[in-house]
>>> print(open('final_17.txt').read())   # compact mmCIF, C-alpha atoms
# COMPACT_ATOMS: atom_id res chain seq x y z
CA MET A 1 -40.38 10.16 -8.42
CA HIS A 2 -37.06 10.68 -6.66
CA LEU A 3 -33.37 9.88 -7.04
CA VAL A 4 -31.35 7.58 -4.84
CA GLN A 5 -27.61 7.22 -4.69
CA ASP A 6 -26.49 3.61 -5.06
CA PRO A 7 -22.94 2.44 -5.90
CA SER A 8 -24.42 -0.49 -7.83
CA SER A 9 -26.58 1.85 -9.91
CA LEU A 10 -27.40 1.44 -13.56
CA PHE A 11 -24.58 3.78 -14.52
CA ALA A 12 -22.01 1.77 -12.57
CA ARG A 13 -23.01 -1.19 -14.75
CA GLY A 14 -22.85 0.89 -17.91
CA GLU A 15 -26.59 0.80 -18.58
CA ARG A 16 -29.08 3.60 -19.07
CA LEU A 17 -32.79 4.30 -19.13
CA ASN A 18 -34.33 6.29 -21.99
CA TRP A 19 -37.44 8.43 -22.19
CA TRP A 20 -38.49 9.97 -25.52
CA LEU A 21 -40.95 12.72 -24.75
CA GLU A 22 -42.81 14.98 -27.18
CA VAL A 23 -43.44 18.00 -24.96
CA PRO A 24 -41.31 19.13 -22.01
CA ARG A 25 -42.90 20.48 -18.86
CA CYS A 26 -41.28 23.88 -19.29
CA CYS A 27 -42.85 27.23 -18.78
CA LYS A 28 -43.68 29.13 -21.96
CA ILE A 29 -40.49 30.09 -23.75
CA GLY A 30 -40.36 33.79 -24.41
CA THR A 31 -42.29 34.93 -21.34
CA MET A 32 -39.18 35.64 -19.28
CA ASN A 33 -37.60 39.03 -19.94
CA GLU A 34 -34.82 39.03 -17.37
CA HIS A 35 -31.33 37.59 -17.77
CA ARG A 36 -30.27 36.14 -14.45
CA LYS A 37 -26.67 36.23 -13.33
CA TYR A 38 -25.32 33.78 -10.80
CA ASP A 39 -22.34 33.90 -8.45
CA ASN A 40 -21.61 30.26 -9.27
CA PRO A 41 -23.03 29.45 -12.72
CA PRO A 42 -23.47 25.70 -13.27
CA ILE A 43 -21.93 25.74 -16.77
CA THR A 44 -19.11 23.19 -17.00
CA GLU A 45 -18.61 23.81 -20.72
CA ALA A 46 -19.92 26.45 -23.13
CA ILE A 47 -19.47 25.87 -26.86
CA ILE A 48 -19.68 28.00 -29.99
CA ASP A 49 -19.47 25.91 -33.14
CA LEU A 50 -19.54 26.66 -36.87
CA THR A 51 -19.58 23.86 -39.44
CA VAL A 52 -18.49 24.63 -43.00
CA THR A 53 -18.13 23.15 -46.45
CA PRO A 54 -14.37 23.32 -47.06
CA ARG A 55 -12.79 24.35 -50.34
CA SER A 56 -11.46 21.46 -52.40
CA ASP A 57 -7.76 22.31 -51.98
CA LEU A 58 -7.83 22.89 -48.21
CA ALA A 59 -5.05 20.97 -46.43
CA LEU A 60 -3.96 20.38 -42.85
CA ASP A 61 -0.94 22.60 -43.51
CA ASP A 62 -3.32 25.54 -43.85
CA LEU A 63 -4.70 24.83 -40.39
CA ARG A 64 -1.20 24.25 -39.02
CA ARG A 65 -0.16 27.75 -40.13
CA LEU A 66 -3.21 29.15 -38.37
CA THR A 67 -2.46 27.37 -35.10
CA GLU A 68 1.21 28.41 -35.21
CA LYS A 69 0.15 32.02 -35.73
CA HIS A 70 -1.73 31.89 -32.42
CA PHE A 71 0.81 29.80 -30.53
CA ALA A 72 1.41 32.57 -27.96
CA ASP A 73 -2.28 32.53 -26.97
CA TYR A 74 -2.92 28.79 -27.41
CA PRO A 75 0.41 27.04 -26.86
CA LYS A 76 -0.86 23.51 -26.21
CA ILE A 77 -1.45 21.94 -29.60
CA GLU A 78 -2.75 18.44 -30.26
CA ASN A 79 -3.86 16.66 -33.40
CA ARG A 80 -7.64 16.39 -33.78
CA ILE A 81 -8.33 12.78 -34.74
CA GLU A 82 -11.58 11.40 -36.11
CA ALA A 83 -12.31 7.68 -35.86
CA MET A 84 -14.61 5.83 -38.24
CA GLY A 85 -15.81 2.25 -38.10
CA THR A 86 -17.29 0.04 -40.80
CA VAL A 87 -19.31 -3.15 -40.40
CA ARG A 88 -19.72 -5.34 -43.47
CA VAL A 89 -22.29 -8.12 -43.78
CA GLU A 90 -21.07 -10.90 -46.05
CA PRO A 91 -23.30 -13.25 -48.07
CA GLY A 92 -24.36 -16.01 -45.75
CA GLY A 93 -24.68 -13.73 -42.73
CA SER A 94 -21.06 -13.46 -41.56
CA THR A 95 -19.85 -10.01 -40.56
CA SER A 96 -16.54 -8.21 -40.51
CA ALA A 97 -15.59 -4.91 -38.90
CA SER A 98 -12.83 -2.41 -39.55
CA ALA A 99 -11.82 0.92 -38.07
CA GLN A 100 -9.64 3.75 -39.25
CA GLN A 101 -8.46 7.06 -37.92
CA LYS A 102 -7.56 10.26 -39.71
CA GLN A 103 -6.48 13.70 -38.67
CA VAL A 104 -9.10 16.36 -39.36
CA GLY A 105 -7.52 19.34 -37.62
CA PHE A 106 -5.96 20.63 -34.43
CA LYS A 107 -6.97 21.18 -30.82
CA ASN A 108 -5.41 24.29 -29.29
CA THR A 109 -5.57 25.01 -25.56
CA LYS A 110 -4.62 27.99 -23.44
CA ASP A 111 -2.09 27.59 -20.63
CA ASP A 112 -4.84 27.69 -17.99
CA GLU A 113 -6.80 25.04 -19.94
CA LYS A 114 -10.01 27.06 -19.68
CA LEU A 115 -10.32 27.88 -23.39
CA VAL A 116 -10.04 25.18 -26.06
CA TRP A 117 -10.02 26.13 -29.75
CA GLN A 118 -10.56 23.45 -32.40
CA THR A 119 -9.65 24.14 -36.02
CA ARG A 120 -10.97 21.45 -38.35
CA LEU A 121 -11.13 21.03 -42.10
CA ASN A 122 -14.92 21.22 -41.84
CA GLY A 123 -15.36 23.66 -39.01
CA PHE A 124 -14.43 25.70 -35.97
CA THR A 125 -15.21 25.25 -32.27
CA LEU A 126 -14.39 27.30 -29.20
CA SER A 127 -15.08 25.86 -25.73
CA ARG A 128 -15.00 27.66 -22.41
CA LEU A 129 -14.58 25.38 -19.40
CA ALA A 130 -15.52 26.12 -15.80
CA PRO A 131 -15.45 28.54 -14.17
CA TYR A 132 -17.59 30.28 -16.78
CA GLN A 133 -17.01 34.04 -16.91
CA SER A 134 -19.41 35.80 -19.27
CA TRP A 135 -20.99 35.44 -22.68
CA GLU A 136 -19.52 38.76 -23.79
CA LEU A 137 -15.90 37.67 -23.22
CA PHE A 138 -16.49 34.21 -24.63
CA CYS A 139 -18.29 35.40 -27.77
CA ARG A 140 -15.72 38.13 -28.41
CA GLU A 141 -12.90 35.59 -28.38
CA ALA A 142 -14.84 33.23 -30.66
CA GLN A 143 -15.46 36.04 -33.13
CA ARG A 144 -11.79 37.06 -33.11
CA LEU A 145 -10.60 33.52 -33.81
CA TRP A 146 -13.32 32.81 -36.35
CA VAL A 147 -12.29 35.82 -38.45
CA GLU A 148 -8.75 34.41 -38.57
CA TYR A 149 -10.04 30.92 -39.37
CA ARG A 150 -12.29 32.16 -42.18
CA LYS A 151 -9.48 34.23 -43.68
CA GLU A 152 -7.12 31.23 -43.77
CA VAL A 153 -9.60 28.46 -44.63
CA ARG A 154 -11.85 30.40 -47.03
CA PRO A 155 -14.76 27.95 -46.70
CA VAL A 156 -17.26 27.55 -49.52
CA GLU A 157 -20.25 27.85 -47.19
CA ILE A 158 -21.24 27.87 -43.53
CA THR A 159 -23.69 25.02 -43.02
CA ARG A 160 -24.38 25.01 -39.28
CA LEU A 161 -24.30 27.48 -36.37
CA ALA A 162 -24.56 26.15 -32.83
CA VAL A 163 -24.47 27.17 -29.19
CA ARG A 164 -24.27 24.51 -26.52
CA THR A 165 -23.98 24.67 -22.74
CA ILE A 166 -23.41 21.70 -20.49
CA ASN A 167 -24.67 22.47 -16.99
CA ARG A 168 -23.97 20.33 -13.93
CA ILE A 169 -26.43 20.83 -11.09
CA ASP A 170 -25.01 19.58 -7.78
CA ILE A 171 -27.82 18.73 -5.36
CA PRO A 172 -27.24 17.92 -1.67
CA GLU A 173 -27.46 14.16 -1.12
CA GLY A 174 -30.61 12.77 0.40
CA TYR A 175 -34.18 12.30 -0.74
CA VAL A 176 -34.15 14.17 -4.06
CA GLU A 177 -37.46 14.74 -5.81
CA LEU A 178 -36.67 15.67 -9.42
CA ARG A 179 -39.70 17.92 -9.73
CA ASP A 180 -38.40 20.07 -6.89
CA TYR A 181 -35.38 21.01 -9.04
CA PHE A 182 -36.41 20.53 -12.68
CA ARG A 183 -39.52 21.58 -14.55
CA THR A 184 -38.39 19.30 -17.37
CA SER A 185 -37.76 15.74 -16.18
CA PRO A 186 -38.74 12.14 -16.96
CA GLU A 187 -42.16 10.95 -15.86
CA VAL A 188 -42.46 7.44 -14.41
CA SER A 189 -45.79 5.67 -14.19
CA PRO A 190 -47.20 5.79 -10.63
CA ASP A 191 -47.63 2.03 -10.92
CA LEU A 192 -43.83 1.62 -10.98
CA PRO A 193 -41.28 2.12 -8.18
CA GLN A 194 -40.38 5.80 -7.92
CA SER A 195 -36.74 5.46 -6.81
CA LEU A 196 -34.34 6.04 -9.71
CA ALA A 197 -30.72 4.94 -9.53
CA GLY A 198 -30.06 6.62 -12.86
CA PHE A 199 -31.68 7.94 -16.03
CA PHE A 200 -30.98 9.43 -19.45
CA MET A 201 -33.53 11.64 -21.18
CA GLN A 202 -33.33 13.36 -24.56
CA LEU A 203 -35.83 15.84 -25.99
CA GLN A 204 -35.79 17.04 -29.61
CA ILE A 205 -37.72 20.28 -30.06
CA GLN A 206 -38.27 22.57 -33.04
CA LEU A 207 -38.08 26.30 -32.32
CA ASP A 208 -39.93 27.42 -35.43
CA ASP A 209 -39.86 31.15 -34.70
CA ILE A 210 -36.06 31.25 -35.11
CA ALA A 211 -35.66 28.16 -37.35
CA VAL A 212 -33.56 26.37 -34.75
CA GLU A 213 -33.44 22.82 -33.44
CA LEU A 214 -33.02 22.23 -29.72
CA LEU A 215 -31.65 19.10 -28.08
CA ILE A 216 -32.05 18.73 -24.32
CA ASN A 217 -30.09 15.93 -22.70
CA GLN A 218 -30.51 15.23 -19.01
CA THR A 219 -28.75 12.53 -17.00
CA ILE A 220 -27.00 11.68 -13.74
CA VAL A 221 -23.20 11.82 -13.58
CA PRO A 222 -20.73 11.06 -10.79
CA PRO A 223 -20.57 14.05 -8.42
CA PRO A 224 -17.34 16.06 -7.98
CA ARG A 225 -17.30 15.12 -4.29
CA SER A 226 -19.22 13.02 -1.82
CA GLY A 227 -22.42 14.24 -0.22
CA MET A 228 -24.22 15.31 -3.39
CA ILE A 229 -26.02 14.05 -6.48
CA SER A 230 -25.11 15.63 -9.83
CA VAL A 231 -27.49 16.03 -12.76
CA ILE A 232 -26.41 17.21 -16.21
CA LEU A 233 -28.69 19.57 -18.13
CA ASP A 234 -27.20 19.81 -21.63
CA LEU A 235 -28.73 22.38 -24.00
CA ASP A 236 -27.73 22.31 -27.68
CA LEU A 237 -29.26 24.87 -30.08
CA PHE A 238 -28.35 24.86 -33.77
CA ARG A 239 -29.49 26.03 -37.20
CA MET A 240 -28.80 24.06 -40.39
CA LYS A 241 -31.18 25.79 -42.83
CA ASP A 242 -30.86 29.33 -44.21
CA VAL A 243 -27.63 29.74 -42.26
CA PRO A 244 -26.33 33.34 -42.24
CA GLN A 245 -23.13 33.87 -44.25
CA ASP A 246 -22.45 37.56 -43.62
CA GLU A 247 -20.26 38.27 -40.59
CA ALA A 248 -22.61 40.79 -39.00
CA GLU A 249 -25.58 38.46 -39.48
CA ILE A 250 -23.67 35.48 -38.06
CA TRP A 251 -22.89 37.18 -34.77
CA ALA A 252 -26.27 38.86 -34.51
CA PHE A 253 -27.77 35.38 -34.77
CA TYR A 254 -25.45 34.11 -32.06
CA GLU A 255 -26.90 36.73 -29.75
CA ILE A 256 -30.36 35.34 -30.55
CA LEU A 257 -29.14 31.82 -29.78
CA HIS A 258 -27.62 32.98 -26.50
CA ASP A 259 -30.77 34.79 -25.40
CA ARG A 260 -32.93 31.80 -26.27
CA ARG A 261 -30.58 29.45 -24.49
CA ASN A 262 -30.96 31.53 -21.32
CA LEU A 263 -34.75 31.42 -21.57
CA ILE A 264 -34.75 27.66 -22.07
CA PHE A 265 -32.42 27.06 -19.14
CA GLU A 266 -34.52 29.18 -16.80
CA SER A 267 -37.65 27.45 -18.10
CA CYS A 268 -36.28 24.04 -17.15
CA ILE A 269 -35.30 24.73 -13.53
CA THR A 270 -37.03 25.84 -10.33
CA ASP A 271 -36.27 28.45 -7.69
CA LYS A 272 -34.90 25.68 -5.49
CA THR A 273 -32.31 24.99 -8.17
CA ARG A 274 -31.48 28.68 -8.50
CA GLU A 275 -30.69 28.80 -4.80
CA LEU A 276 -27.88 26.30 -5.45
CA PHE A 277 -26.16 28.84 -7.72
CA HIS A 278 -26.36 31.66 -5.10
CA HIS A 279 -28.46 33.91 -7.27
CA ALA A 280 -26.92 37.37 -7.22
CA SER A 281 -28.88 39.66 -9.51
CA CYS A 282 -30.85 40.08 -12.69
CA GLY A 283 -29.60 42.10 -15.60
>>> encode(input="final_17.txt", output="structure tokens")
Amino acid sequence: MHLVQDPSSLFARGERLNWWLEVPRCCKIGTMNEHRKYDNPPITEAIIDLTVTPRSDLALDDLRRLTEKHFADYPKIENRIEAMGTVRVEPGGSTSASAQQKQVGFKNTKDDEKLVWQTRLNGFTLSRLAPYQSWELFCREAQRLWVEYRKEVRPVEITRLAVRTINRIDIPEGYVELRDYFRTSPEVSPDLPQSLAGFFMQLQIQLDDIAVELLINQTIVPPPRSGMISVILDLDLFRMKDVPQDEAEIWAFYEILHDRRNLIFESCITDKTRELFHHASCG
């Protein structure tokens, strides 16, 4: 099965194909003991997220004070808006729909727009946009801001810890065989045409040894420039049961999530893909 580039593709028409697979064709997770470093890592966005149960008297003014305290570091401040829609089915089969918006926090961005810090009534998110630097710098900044958030917000409980990386793999245009670049990819019956104009695949996997859920999303997106085909490999790891509450345990667990994320990423790609990132060293 291979990809073709076609301006009238499924994505241009707003459609998508779905595959729901039970087992990915990855190598065994946990067998790789090296952490690869790349000159040009494919991460377009790295995310550290903590979801909380807020205290009953928490207000937006509490979050506003927090954002103003860090204005020098994150001077671009926007309201974080959440939209909700409701569909009501009336007796007789008629339907009505309504939508409403409400502010749930703030979005704070550095001047260079590479770090985005979200403070919400129910949680905290830090995003690092490309070019990705290092986990150490990113995690250190998340920990610094989280301590300030927790001090101001005083949440009742942390209910979810998550690490997510959105990787864009830019492949030279031409005859692209997915299996040459990805060890995890959709499988199309040999009785069907093998040329794909687009696809969307999602895998939901339980990582029982660390009590974590993994979502893998893979799809085609418009490339940043002509002459290539771009595939997103989105890895989302999160824990929602027995979530650590102690600060030391929280950040120790984030190191586990980061290490496992690296293993999963390397398990899903091939050496031909690694060559695209100009592999520099292992360490």
>>> closest_residue(input="final_17.txt", among="A:Ser127, A:Thr270, A:Ser134, A:Gln143", to="Ser185 of chain A", atoms="all atoms listed in the file")
A:Thr270
>>> atom_distance(input="final_17.txt", atom1="atom CA of Asn167 of chain A", atom2="atom CA of Phe253 of chain A")
22.2 Å
>>> closest_residue(input="final_17.txt", among="A:Val188, A:Leu137, A:Leu196, A:Leu50", to="Thr125 of chain A", atoms="all atoms listed in the file")
A:Leu50
>>> closest_residue(input="final_17.txt", among="A:Leu215, A:Leu115, A:Ile256, A:Ile81", to="Gln100 of chain A", atoms="only C-alpha atoms")
A:Ile81
>>> residues_around(input="final_17.txt", residues="Glu152 of chain A", least_positions_apart="6", cutoff="10 Å", atoms="only C-alpha atoms", output="NGL selection string")
:A and (58 or 62-63 or 65-66 or 146)
>>> atom_distance(input="final_17.txt", atom1="atom CA of Ala130 of chain A", atom2="atom CA of Val163 of chain A")
16.1 Å
>>> residues_around(input="final_17.txt", residues="Val147 of chain A", least_positions_apart="2", cutoff="12 Å", atoms="all atoms listed in the file", output="list in words")
Leu50, Leu66, Phe124, Arg140, Glu141, Ala142, Gln143, Arg144, Leu145, Tyr149, Arg150, Lys151, Glu152, Val153, Arg154, Pro155, Asp246, Glu247, Ala248, Ile250 and Trp251 of chain A
>>> atom_distance(input="final_17.txt", atom1="atom CA of Glu213 of chain A", atom2="atom CA of Arg183 of chain A")
19.9 Å
>>> closest_residue(input="final_17.txt", among="A:Asn122, A:Gln218, A:Ser94, A:Thr44", to="Glu157 of chain A", atoms="all atoms listed in the file")
A:Asn122
>>> closest_residue(input="final_17.txt", among="A:Pro91, A:Tyr181, A:Glu249, A:Phe200", to="Ser267 of chain A", atoms="only C-alpha atoms")
A:Tyr181
>>> closest_residue(input="final_17.txt", among="A:Leu276, A:Ala83, A:Met240, A:Cys268", to="Ala162 of chain A", atoms="only C-alpha atoms")
A:Met240
>>> residues_around(input="final_17.txt", residues="Phe138 of chain A", least_positions_apart="5", cutoff="10 Å", atoms="only C-alpha atoms", output="PDB file with C-alpha atoms, in the coordinates of the input")
ATOM      1  CA  ALA A  46     -19.920  26.450 -23.130  1.00  0.00           C
ATOM      2  CA  ILE A  47     -19.470  25.870 -26.860  1.00  0.00           C
ATOM      3  CA  ILE A  48     -19.680  28.000 -29.990  1.00  0.00           C
ATOM      4  CA  LEU A 115     -10.320  27.880 -23.390  1.00  0.00           C
ATOM      5  CA  LEU A 126     -14.390  27.300 -29.200  1.00  0.00           C
ATOM      6  CA  SER A 127     -15.080  25.860 -25.730  1.00  0.00           C
ATOM      7  CA  ARG A 128     -15.000  27.660 -22.410  1.00  0.00           C
ATOM      8  CA  TYR A 132     -17.590  30.280 -16.780  1.00  0.00           C
ATOM      9  CA  GLN A 133     -17.010  34.040 -16.910  1.00  0.00           C
ATOM     10  CA  GLN A 143     -15.460  36.040 -33.130  1.00  0.00           C
TER      11      GLN A 143
END
>>> residues_around(input="final_17.txt", residues="Ile269 of chain A", least_positions_apart="2", cutoff="12 Å", atoms="only C-alpha atoms", output="MDAnalysis selection string")
chainID A and resid 24:27 42 167 169 178:185 218 231:233 262:267 271:277
>>> build_atoms(input="final_17.txt", residues="segment 238-251 of chain A", atoms="N, CA and C atoms", output="compact mmCIF listing (two decimals), in the coordinates of the input")
# COMPACT_ATOMS: atom_id res chain seq x y z
N PHE A 238 -29.09 24.72 -32.51
CA PHE A 238 -28.35 24.86 -33.77
C PHE A 238 -29.29 25.11 -34.93
N ARG A 239 -28.75 25.79 -35.95
CA ARG A 239 -29.49 26.03 -37.20
C ARG A 239 -28.70 25.42 -38.34
N MET A 240 -29.43 24.70 -39.23
CA MET A 240 -28.80 24.06 -40.39
C MET A 240 -29.48 24.47 -41.70
N LYS A 241 -30.51 25.30 -41.64
CA LYS A 241 -31.18 25.79 -42.83
C LYS A 241 -31.13 27.31 -42.85
N ASP A 242 -30.94 27.87 -44.06
CA ASP A 242 -30.86 29.33 -44.21
C ASP A 242 -29.85 29.91 -43.22
N VAL A 243 -28.66 29.32 -43.21
CA VAL A 243 -27.63 29.74 -42.26
C VAL A 243 -27.03 31.07 -42.73
N PRO A 244 -26.94 32.06 -41.85
CA PRO A 244 -26.33 33.34 -42.24
C PRO A 244 -24.89 33.15 -42.70
N GLN A 245 -24.49 33.94 -43.71
CA GLN A 245 -23.13 33.87 -44.25
C GLN A 245 -22.36 35.17 -43.99
N ASP A 246 -23.08 36.26 -43.88
CA ASP A 246 -22.45 37.56 -43.62
C ASP A 246 -22.00 37.64 -42.17
N GLU A 247 -20.84 38.22 -41.94
CA GLU A 247 -20.26 38.27 -40.59
C GLU A 247 -21.19 38.94 -39.59
N ALA A 248 -21.73 40.08 -39.94
CA ALA A 248 -22.61 40.79 -39.00
C ALA A 248 -23.84 39.94 -38.69
N GLU A 249 -24.39 39.28 -39.69
CA GLU A 249 -25.58 38.46 -39.48
C GLU A 249 -25.27 37.22 -38.64
N ILE A 250 -24.08 36.66 -38.84
CA ILE A 250 -23.67 35.48 -38.06
C ILE A 250 -23.70 35.80 -36.57
N TRP A 251 -23.04 36.89 -36.20
CA TRP A 251 -22.89 37.18 -34.77
C TRP A 251 -24.14 37.80 -34.17
